[in-house]
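Have a look at the structure below before the remarks.
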Protein chains: 2
Amino acid sequence: MADIADVAREAGVSTATVSRALRGLSNVSESTRLRVVAVAERLDYRVSRTASGLATGHTGTVGVVVPHISRWFFGQVITGAERVLRGAGLDLLVYSVDDDASRSRFFTQLPARGRVDAMLVLSLPLAETESAALRGLGVPLAIVGAQSDGFGCVRIDDRHAARVAVRHLVNIGHHRIGLIGGNEDSTLGFTAPGDRLAGYLDVLADAGLERRAEWEAPGLFTARGGEQAMTQLLAASQPPTAVFAMSDEMAIGALKALRRHHLSAPRDISIVGFDDHEMAEALDLTTIAQPVASQGEAVARMLLDQLKTGKPPEPRILPTHLVVRASTAAPDSRGRT
Amino acid sequence: MADIADVAREAGVSTATVSRALRGLSNVSESTRLRVVAVAERLDYRVSRTASGLATGHTGTVGVVVPHISRWFFGQVITGAERVLRGAGLDLLVYSVDDDASRSRFFTQLPARGRVDAMLVLSLPLAETESAALRGLGVPLAIVGAQSDGFGCVRIDDRHAARVAVRHLVNIGHHRIGLIGGNEDSTLGFTAPGDRLAGYLDVLADAGLERRAEWEAPGLFTARGGEQAMTQLLAASQPPTAVFAMSDEMAIGALKALRRHHLSAPRDISIVGFDDHEMAEALDLTTIAQPVASQGEAVARMLLDQLKTGKPPEPRILPTHLVVRASTAAPDSRGRT
DNA sequence: CTGAAAGCGCTAACAG
DNA sequence: CTGTTAGCGCTTTCAG
């Protein structure tokens, strides 16, 4: 492949000038810039990322640490981020941390060191040592769906969104409202569960409704967990008439549990989920929609900004909204106790 | 950060020796290797990818072109591939091509040029010009779920798998078996649809069953498409008693269509899907399971192999199996013609 | 506005 | 087995 010397020779200038011309630096006469660009084009010349990287110390790459790429949510965020970064000529490097082992390996070995110009963290609440490790990278940092000192931040208002979901249940007449949430002692420990729980409690308090331990069960944020949680709720001395599941995956599991018990939503129990997962529509699930790809785009832009200006950006909170489908309805007036 | 000269000085050897020792080349005495490694460790030295890349011409990176990262299937494959590559010290660069525009941009501009040591293509049947463009990269190539000259190949036997799915329906007594497939004129144009269709036809022929145009409908490989397709099948003069959907997403859409019509599976119509999508279990969907992450791992290993030996590897065909759940059953003997 | 020359940090001959 | 010496292809002073 043609290198910068070829272009220089062909254009009758020095390599320094080629370099300047191609990068659009101001101190090159318009005429030579045009000539250089034309020659570069003709020779199909591309600057070597490695070579310019070695010279500048930049890599043209941003890394993304993601807990589960295969979850719809993360894939969407990455898609959005990739689109923006690609547009800015940056590559996206993936670091998948699916379990505690790969996670701790990532943060101790820090394979990203020296290989990225910026780092993106997806929905991975960081322990202090972890965020310190990333700060040690000395590059701009941003995080989606969590917060950490020194990180740009894009997220939704989980507490508010949860309130909207639960208030919907209250508004259509429910008094016994259950919850399917996360588990308390996960090492990955997301922050959303806590916030969503708070929103749930806010509404119960506002509406003067009872909170009962037997109406709450952990669902691990998986369909199977949601199914088990719902099974547990159904075993309550007096089951709830509606349930707020903190994720659509869990809500879908909950629907399965209902089927197993020959019950159905919303006839016997109303269910509202969270995320507007791609399957939610096909399952007629009422849920809270959050802009997913947009969060990826926003966080990527934040990083670009930081790369350019050096200033840590303001946190960005994106809007959510309730999508009412057919899994929620007024409680059965015939009343099953 | 410490560089190779620091290590050399500290260990009392030349930089060349440090380089050799750290890469485990054979021509270094065990004692100096140990010393060098110890010093490197102590100084927390890491070789600079850019610098060694410039010297060797390698990048330590493999690229993956993927049509829709957010689809469960692709995420799983990437997870598997990333795990293997990371283990070999290679980074995974993502090129997302979600639509025709980004796809053609990718293949004409070839942003991967000079940035990757190998290239991975996910379920993207390549036009001749596209595969030629990739071959022009001059690096090992591999593809999952499709085939192309000069590419290593990992896939499943779609035709066989489809036969198994449809034969299951025949075995439990169905005679009128419908199909929800892809659309014929997608630019992305996967190969699986054709193979799965062939498998479907094989079984119909074997069993002497009728093929009827009104029992086949395109589902676009999305839930919504599947719903529309099923709606169409239900409008047939005599609807099928069972349906083979070429993907779980479409099968899930089909289930929704049944609900809309106050029908249900398997009581009124049996449905078998394909993929064993993460939601399939929660929906009690009978389906064909394919090893997803394993395909990613296999293709990554294939690439590593090729990188090491230079030999184009044999195609790898991974096994699939039928998972019988509750969406299929013998046809209703009461017969709703 | 442009060119010459000195690196960026590492690896690869080539000697010894 | 180890050191010396050139680069890899670009960017960046520093002169002019």
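Following the order of the structure tokens, chains are lettered A, B, ..., residues in each are numbered from 1, and ligands are numbered from 1.
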Q. Could you pull out all residues of range 132-216 of chain B with a DSSP call of strand (DSSP E) and give them as a ChimeraX atom specification?
A. /B:141-144,152-156,177-181,216
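Around Glu314 in chain B, within 12 Å and counting only C-alpha atoms (C1' of nucleotides), the residues found are Ala142, Gln147, Gly150, Phe151, Gly152, Cys153, Val154, Arg155, Ala298, Val299, Arg301, Met302, Leu303, Asp305 and Gln306 of chain B, once anything fewer than 4 positions away on its own chain is removed.
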Go ahead and write the residues just picked, N, CA and C atoms, as a short mmCIF file (atom, residue, chain, number, x, y, z; two decimals), in the first residue's frame.
data_model
loop_
_atom_site.label_atom_id
_atom_site.label_comp_id
_atom_site.auth_asym_id
_atom_site.auth_seq_id
_atom_site.Cartn_x
_atom_site.Cartn_y
_atom_site.Cartn_z
N ALA B 142 -13.06 -15.39 8.03
CA ALA B 142 -13.96 -16.48 8.39
C ALA B 142 -15.36 -15.94 8.49
N GLN B 147 -21.41 -18.95 3.49
CA GLN B 147 -20.20 -19.49 2.90
C GLN B 147 -19.68 -18.53 1.85
N GLY B 150 -12.69 -18.61 0.01
CA GLY B 150 -11.56 -18.00 0.70
C GLY B 150 -11.84 -17.69 2.15
N PHE B 151 -13.04 -18.06 2.63
CA PHE B 151 -13.38 -17.81 4.02
C PHE B 151 -13.45 -19.11 4.80
N GLY B 152 -12.92 -19.08 6.00
CA GLY B 152 -13.17 -20.18 6.91
C GLY B 152 -14.65 -20.15 7.22
N CYS B 153 -15.24 -21.27 7.57
CA CYS B 153 -16.69 -21.29 7.69
C CYS B 153 -17.18 -22.11 8.86
N VAL B 154 -18.01 -21.53 9.68
CA VAL B 154 -18.64 -22.25 10.78
C VAL B 154 -20.14 -22.06 10.64
N ARG B 155 -20.85 -23.17 10.67
CA ARG B 155 -22.30 -23.02 10.52
C ARG B 155 -23.03 -24.24 11.03
N ALA B 298 -15.77 -21.34 17.92
CA ALA B 298 -15.20 -22.15 16.85
C ALA B 298 -14.61 -21.27 15.76
N VAL B 299 -15.32 -20.23 15.41
CA VAL B 299 -14.84 -19.41 14.31
C VAL B 299 -13.61 -18.60 14.75
N ARG B 301 -11.39 -19.66 16.91
CA ARG B 301 -10.27 -20.61 16.90
C ARG B 301 -9.78 -20.85 15.49
N MET B 302 -10.71 -20.91 14.59
CA MET B 302 -10.39 -21.10 13.19
C MET B 302 -9.47 -19.98 12.70
N LEU B 303 -9.81 -18.78 13.09
CA LEU B 303 -9.02 -17.62 12.70
C LEU B 303 -7.62 -17.69 13.32
N ASP B 305 -6.00 -20.25 14.21
CA ASP B 305 -5.32 -21.31 13.50
C ASP B 305 -4.74 -20.82 12.20
N GLN B 306 -5.55 -20.14 11.47
CA GLN B 306 -5.16 -19.63 10.18
C GLN B 306 -4.04 -18.62 10.33
#
Q: Identify, on the basis of only C-alpha atoms (C1' of nucleotides), every residue whose closest approach to DT2 in chain C does not exceed 10 Å; exclude the query and any residue fewer than 5 positions from it along the same chain; express the result as a list in words.
A: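 In the requested form, the answer reads Val13, Ser14, Ala16, Thr17, Asn27, Val28 and Ser29 of chain A; DG16 of chain D.
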Find the residues of chain C that sit at most 8 Å from chain A; for each, write down the nearest two atoms and how far apart they are in Å, to one decimal. Count only C-alpha atoms (C1' of nucleotides). Sort by chain, then by number going up, and give it as a tab-separated table.
residue	atom	partner	partner_atom	distance
C:DC1	C1'	A:Val28	CA	5.9
C:DT2	C1'	A:Thr17	CA	6.9
C:DG3	C1'	A:Ser14	CA	6.2
C:DC8	C1'	A:Ala55	CA	4.6
C:DG9	C1'	A:Leu54	CA	7.6
Same residues, C-alpha atoms (C1' of nucleotides), saved as a short mmCIF file (atom, residue, chain, number, x, y, z; two decimals), in the first residue's frame:
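The result, written out as again_19.cif:
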data_model
loop_
_atom_site.label_atom_id
_atom_site.label_comp_id
_atom_site.auth_asym_id
_atom_site.auth_seq_id
_atom_site.Cartn_x
_atom_site.Cartn_y
_atom_site.Cartn_z
"C1'" DC C 1 3.93 28.33 3.96
"C1'" DT C 2 7.36 24.37 3.52
"C1'" DG C 3 11.31 21.11 4.32
"C1'" DC C 8 7.54 7.53 18.84
"C1'" DG C 9 8.74 2.12 21.08
#
Q.
Just want the 8 Å neighbourhood of Arg49 in chain A, counted on only C-alpha atoms (C1' of nucleotides), with same-chain residues fewer than 4 positions away dropped. Output as a count of residues only.
A. 5
Q) What residues in chain D have any atom no more than 8 Å from chain A when counting only C-alpha atoms (C1' of nucleotides), and can you write them as a list in words? A) DC8, DG9, DC10 and DT11 of chain D
With C-alpha atoms (C1' of nucleotides) kept, could you save the residues just selected as a JSON list (two decimals), in the first residue's frame?
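Contents of again_12.json, as written:
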[["chain", "number", "residue", "atom", "x", "y", "z"],
["D", 8, "DC", "C1'", 8.31, 0.26, 10.55],
["D", 9, "DG", "C1'", 5.27, 5.05, 8.64],
["D", 10, "DC", "C1'", 3.95, 8.84, 10.60],
["D", 11, "DT", "C1'", 4.15, 13.54, 13.25]]
Find the nearest atom pair between each residue of chain A and chain B for residues within 8 Å, count only C-alpha atoms, give distances in Å to one decimal, sort rows by chain and ascending number, and present the table as CSV.
residue,atom,partner,partner_atom,distance
A:Ser48,CA,B:Gly114,CA,6.9
A:Arg49,CA,B:Arg115,CA,7.1
A:Thr50,CA,B:Thr50,CA,5.2
A:Ala51,CA,B:Leu54,CA,5.9
A:Gly53,CA,B:Thr50,CA,6.4
A:Leu54,CA,B:Thr50,CA,5.7
A:Thr59,CA,B:Thr50,CA,7.8
A:His68,CA,B:Thr79,CA,7.9
A:Ile69,CA,B:Gly75,CA,5.2
A:Ser70,CA,B:Gly75,CA,3.7
A:Arg71,CA,B:Trp72,CA,6.3
A:Trp72,CA,B:Ser70,CA,5.0
A:Phe73,CA,B:Ser70,CA,7.1
A:Phe74,CA,B:Ser70,CA,7.0
A:Gly75,CA,B:Ser70,CA,3.7
A:Gln76,CA,B:Ser70,CA,5.0
A:Ile78,CA,B:Ile69,CA,7.7
A:Thr79,CA,B:Ile69,CA,6.6
A:Glu82,CA,B:Ser96,CA,7.1
A:Arg83,CA,B:Ser96,CA,7.7
A:Asp91,CA,B:Leu93,CA,6.8
A:Leu92,CA,B:Leu93,CA,5.7
A:Leu93,CA,B:Leu93,CA,4.6
A:Val94,CA,B:Leu92,CA,5.8
A:Tyr95,CA,B:Glu82,CA,7.7
A:Ser96,CA,B:Thr79,CA,6.8
A:Gly114,CA,B:Ser48,CA,6.9
A:Arg115,CA,B:Arg49,CA,7.0
A:Ala223,CA,B:Ala282,CA,6.3
A:Arg224,CA,B:Ala282,CA,7.0
A:Ile252,CA,B:Ala282,CA,6.8
A:Gly253,CA,B:Ala282,CA,5.6
A:Lys256,CA,B:Ala282,CA,5.9
A:Met279,CA,B:Ala223,CA,7.4
A:Ala282,CA,B:Gly253,CA,5.6
A:Leu283,CA,B:Lys256,CA,6.6
Write out, as a short mmCIF file (atom, residue, chain, number, x, y, z; two decimals), in the first residue's frame, the residues just selected, with N, CA and C atoms.
data_model
loop_
_atom_site.label_atom_id
_atom_site.label_comp_id
_atom_site.auth_asym_id
_atom_site.auth_seq_id
_atom_site.Cartn_x
_atom_site.Cartn_y
_atom_site.Cartn_z
N SER A 48 -1.50 5.18 8.01
CA SER A 48 -1.43 4.00 8.85
C SER A 48 -1.72 4.39 10.29
N ARG A 49 -2.78 3.75 10.83
CA ARG A 49 -3.17 4.06 12.20
C ARG A 49 -2.04 3.77 13.18
N THR A 50 -1.37 2.67 12.95
CA THR A 50 -0.30 2.29 13.87
C THR A 50 0.81 3.33 13.85
N ALA A 51 1.22 3.72 12.64
CA ALA A 51 2.33 4.67 12.54
C ALA A 51 1.94 6.01 13.16
N GLY A 53 -0.30 6.52 15.24
CA GLY A 53 -0.51 6.27 16.65
C GLY A 53 0.80 6.33 17.41
N LEU A 54 1.80 5.72 16.86
CA LEU A 54 3.09 5.71 17.53
C LEU A 54 3.63 7.14 17.65
N THR A 59 -4.70 6.33 19.64
CA THR A 59 -4.94 5.02 19.04
C THR A 59 -6.09 5.01 18.05
N HIS A 68 -22.95 -8.06 29.30
CA HIS A 68 -23.57 -9.15 28.53
C HIS A 68 -23.96 -8.63 27.16
N ILE A 69 -23.05 -8.75 26.22
CA ILE A 69 -23.34 -8.21 24.89
C ILE A 69 -24.61 -8.78 24.31
N SER A 70 -24.90 -10.02 24.68
CA SER A 70 -26.02 -10.67 24.01
C SER A 70 -27.37 -10.20 24.54
N ARG A 71 -27.36 -9.40 25.60
CA ARG A 71 -28.65 -8.87 26.03
C ARG A 71 -29.04 -7.74 25.10
N TRP A 72 -30.24 -7.80 24.69
CA TRP A 72 -30.79 -6.84 23.75
C TRP A 72 -30.41 -5.41 24.11
N PHE A 73 -30.55 -5.09 25.37
CA PHE A 73 -30.29 -3.73 25.82
C PHE A 73 -28.86 -3.28 25.50
N PHE A 74 -27.89 -4.09 25.82
CA PHE A 74 -26.51 -3.71 25.60
C PHE A 74 -26.17 -3.64 24.12
N GLY A 75 -26.73 -4.57 23.37
CA GLY A 75 -26.50 -4.55 21.94
C GLY A 75 -26.98 -3.25 21.33
N GLN A 76 -28.15 -2.81 21.76
CA GLN A 76 -28.70 -1.56 21.26
C GLN A 76 -27.80 -0.38 21.60
N ILE A 78 -24.63 -0.40 22.23
CA ILE A 78 -23.39 -0.48 21.46
C ILE A 78 -23.62 -0.03 20.03
N THR A 79 -24.72 -0.46 19.46
CA THR A 79 -25.03 -0.05 18.09
C THR A 79 -25.05 1.47 17.98
N GLU A 82 -21.48 2.85 18.46
CA GLU A 82 -20.62 2.54 17.32
C GLU A 82 -20.90 3.49 16.17
N ARG A 83 -22.17 3.74 15.93
CA ARG A 83 -22.55 4.61 14.82
C ARG A 83 -21.88 5.99 14.97
N ASP A 91 -12.60 3.62 16.11
CA ASP A 91 -13.01 2.23 16.19
C ASP A 91 -13.53 1.90 17.57
N LEU A 92 -14.35 0.87 17.63
CA LEU A 92 -14.91 0.43 18.90
C LEU A 92 -14.37 -0.94 19.27
N LEU A 93 -13.69 -1.01 20.38
CA LEU A 93 -13.09 -2.24 20.86
C LEU A 93 -13.96 -2.80 21.97
N VAL A 94 -14.28 -4.08 21.90
CA VAL A 94 -15.18 -4.66 22.89
C VAL A 94 -14.46 -5.45 23.97
N TYR A 95 -14.77 -5.15 25.20
CA TYR A 95 -14.30 -5.96 26.31
C TYR A 95 -15.52 -6.54 27.00
N SER A 96 -15.70 -7.83 26.84
CA SER A 96 -16.88 -8.48 27.39
C SER A 96 -16.55 -9.05 28.77
N GLY A 114 -3.22 1.64 27.16
CA GLY A 114 -2.43 2.01 26.00
C GLY A 114 -3.08 1.66 24.68
N ARG A 115 -4.27 1.08 24.73
CA ARG A 115 -4.89 0.69 23.46
C ARG A 115 -6.11 1.52 23.11
N ALA A 223 -35.52 -14.17 32.74
CA ALA A 223 -36.87 -14.69 32.58
C ALA A 223 -37.13 -15.80 33.60
N ARG A 224 -36.15 -16.68 33.73
CA ARG A 224 -36.35 -17.77 34.67
C ARG A 224 -36.53 -17.26 36.10
N ILE A 252 -41.66 -11.29 31.53
CA ILE A 252 -42.00 -12.39 30.62
C ILE A 252 -41.97 -13.71 31.37
N GLY A 253 -41.00 -13.86 32.24
CA GLY A 253 -40.95 -15.04 33.09
C GLY A 253 -42.18 -15.11 33.98
N LYS A 256 -45.06 -16.45 32.24
CA LYS A 256 -44.99 -17.91 32.12
C LYS A 256 -45.49 -18.58 33.40
N MET A 279 -39.12 -7.92 22.55
CA MET A 279 -40.20 -8.91 22.59
C MET A 279 -41.45 -8.40 23.29
N ALA A 282 -44.57 -8.07 21.14
CA ALA A 282 -45.13 -9.34 20.71
C ALA A 282 -45.86 -10.04 21.86
N LEU A 283 -45.54 -9.65 23.08
CA LEU A 283 -46.17 -10.29 24.23
C LEU A 283 -47.22 -9.40 24.86
#
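The coordinates place CA of Asp117 in chain A at 25.3 Å from CA of Val139 in chain B.
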Need to verify the contact set: DA15 in chain C, 12 Å, only C-alpha atoms (C1' of nucleotides), exclusion of same-chain residues closer than 6 positions in sequence. Can you return it as an mmCIF file with N, CA and C atoms (P, O5', C5', C4', C3', O3' and C1' of nucleotides), in the first residue's frame?
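File produced: around_37.cif:
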data_model
loop_
_atom_site.group_PDB
_atom_site.id
_atom_site.type_symbol
_atom_site.label_atom_id
_atom_site.label_comp_id
_atom_site.auth_asym_id
_atom_site.auth_seq_id
_atom_site.Cartn_x
_atom_site.Cartn_y
_atom_site.Cartn_z
ATOM 1 P P DT D 2 21.383 -14.775 27.037
ATOM 2 O "O5'" DT D 2 21.940 -13.595 26.141
ATOM 3 C "C5'" DT D 2 23.312 -13.240 26.274
ATOM 4 C "C4'" DT D 2 23.666 -12.207 25.235
ATOM 5 C "C3'" DT D 2 22.786 -10.963 25.254
ATOM 6 O "O3'" DT D 2 23.617 -9.883 25.615
ATOM 7 C "C1'" DT D 2 23.252 -11.698 23.034
ATOM 8 P P DG D 3 22.984 -8.487 25.987
ATOM 9 O "O5'" DG D 3 23.599 -7.563 24.824
ATOM 10 C "C5'" DG D 3 24.998 -7.543 24.653
ATOM 11 C "C4'" DG D 3 25.334 -6.956 23.310
ATOM 12 C "C3'" DG D 3 24.745 -5.556 23.090
ATOM 13 O "O3'" DG D 3 25.775 -4.739 22.545
ATOM 14 C "C1'" DG D 3 24.163 -7.003 21.291
ATOM 15 P P DT D 4 25.524 -3.163 22.404
ATOM 16 O "O5'" DT D 4 25.656 -2.936 20.838
ATOM 17 C "C5'" DT D 4 26.348 -3.891 20.039
ATOM 18 C "C4'" DT D 4 26.215 -3.500 18.581
ATOM 19 C "C3'" DT D 4 25.769 -2.066 18.328
ATOM 20 O "O3'" DT D 4 26.488 -1.568 17.208
ATOM 21 C "C1'" DT D 4 24.209 -3.561 17.354
ATOM 22 P P DT D 5 26.265 -0.086 16.704
ATOM 23 O "O5'" DT D 5 25.192 -0.334 15.565
ATOM 24 C "C5'" DT D 5 25.460 -1.316 14.555
ATOM 25 C "C4'" DT D 5 24.299 -1.352 13.571
ATOM 26 C "C3'" DT D 5 23.734 0.032 13.243
ATOM 27 O "O3'" DT D 5 23.508 0.084 11.845
ATOM 28 C "C1'" DT D 5 22.004 -1.390 13.930
#
Q: Determine the nearest neighbour of Asp195 in chain A from the options A:Ala161, A:Ala235, A:Met119, A:Leu307, counting only C-alpha atoms.
A: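 The closest residue to Asp195 in chain A is A:Ala161.
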Q: Can you list, as a PyMOL selection string, all residues belonging to range 41-174 of chain A that DSSP tags as helix (DSSP H, G or I)?
A: chain A and resi 41-43+49-56+72-87+100-109+128-135+158-171
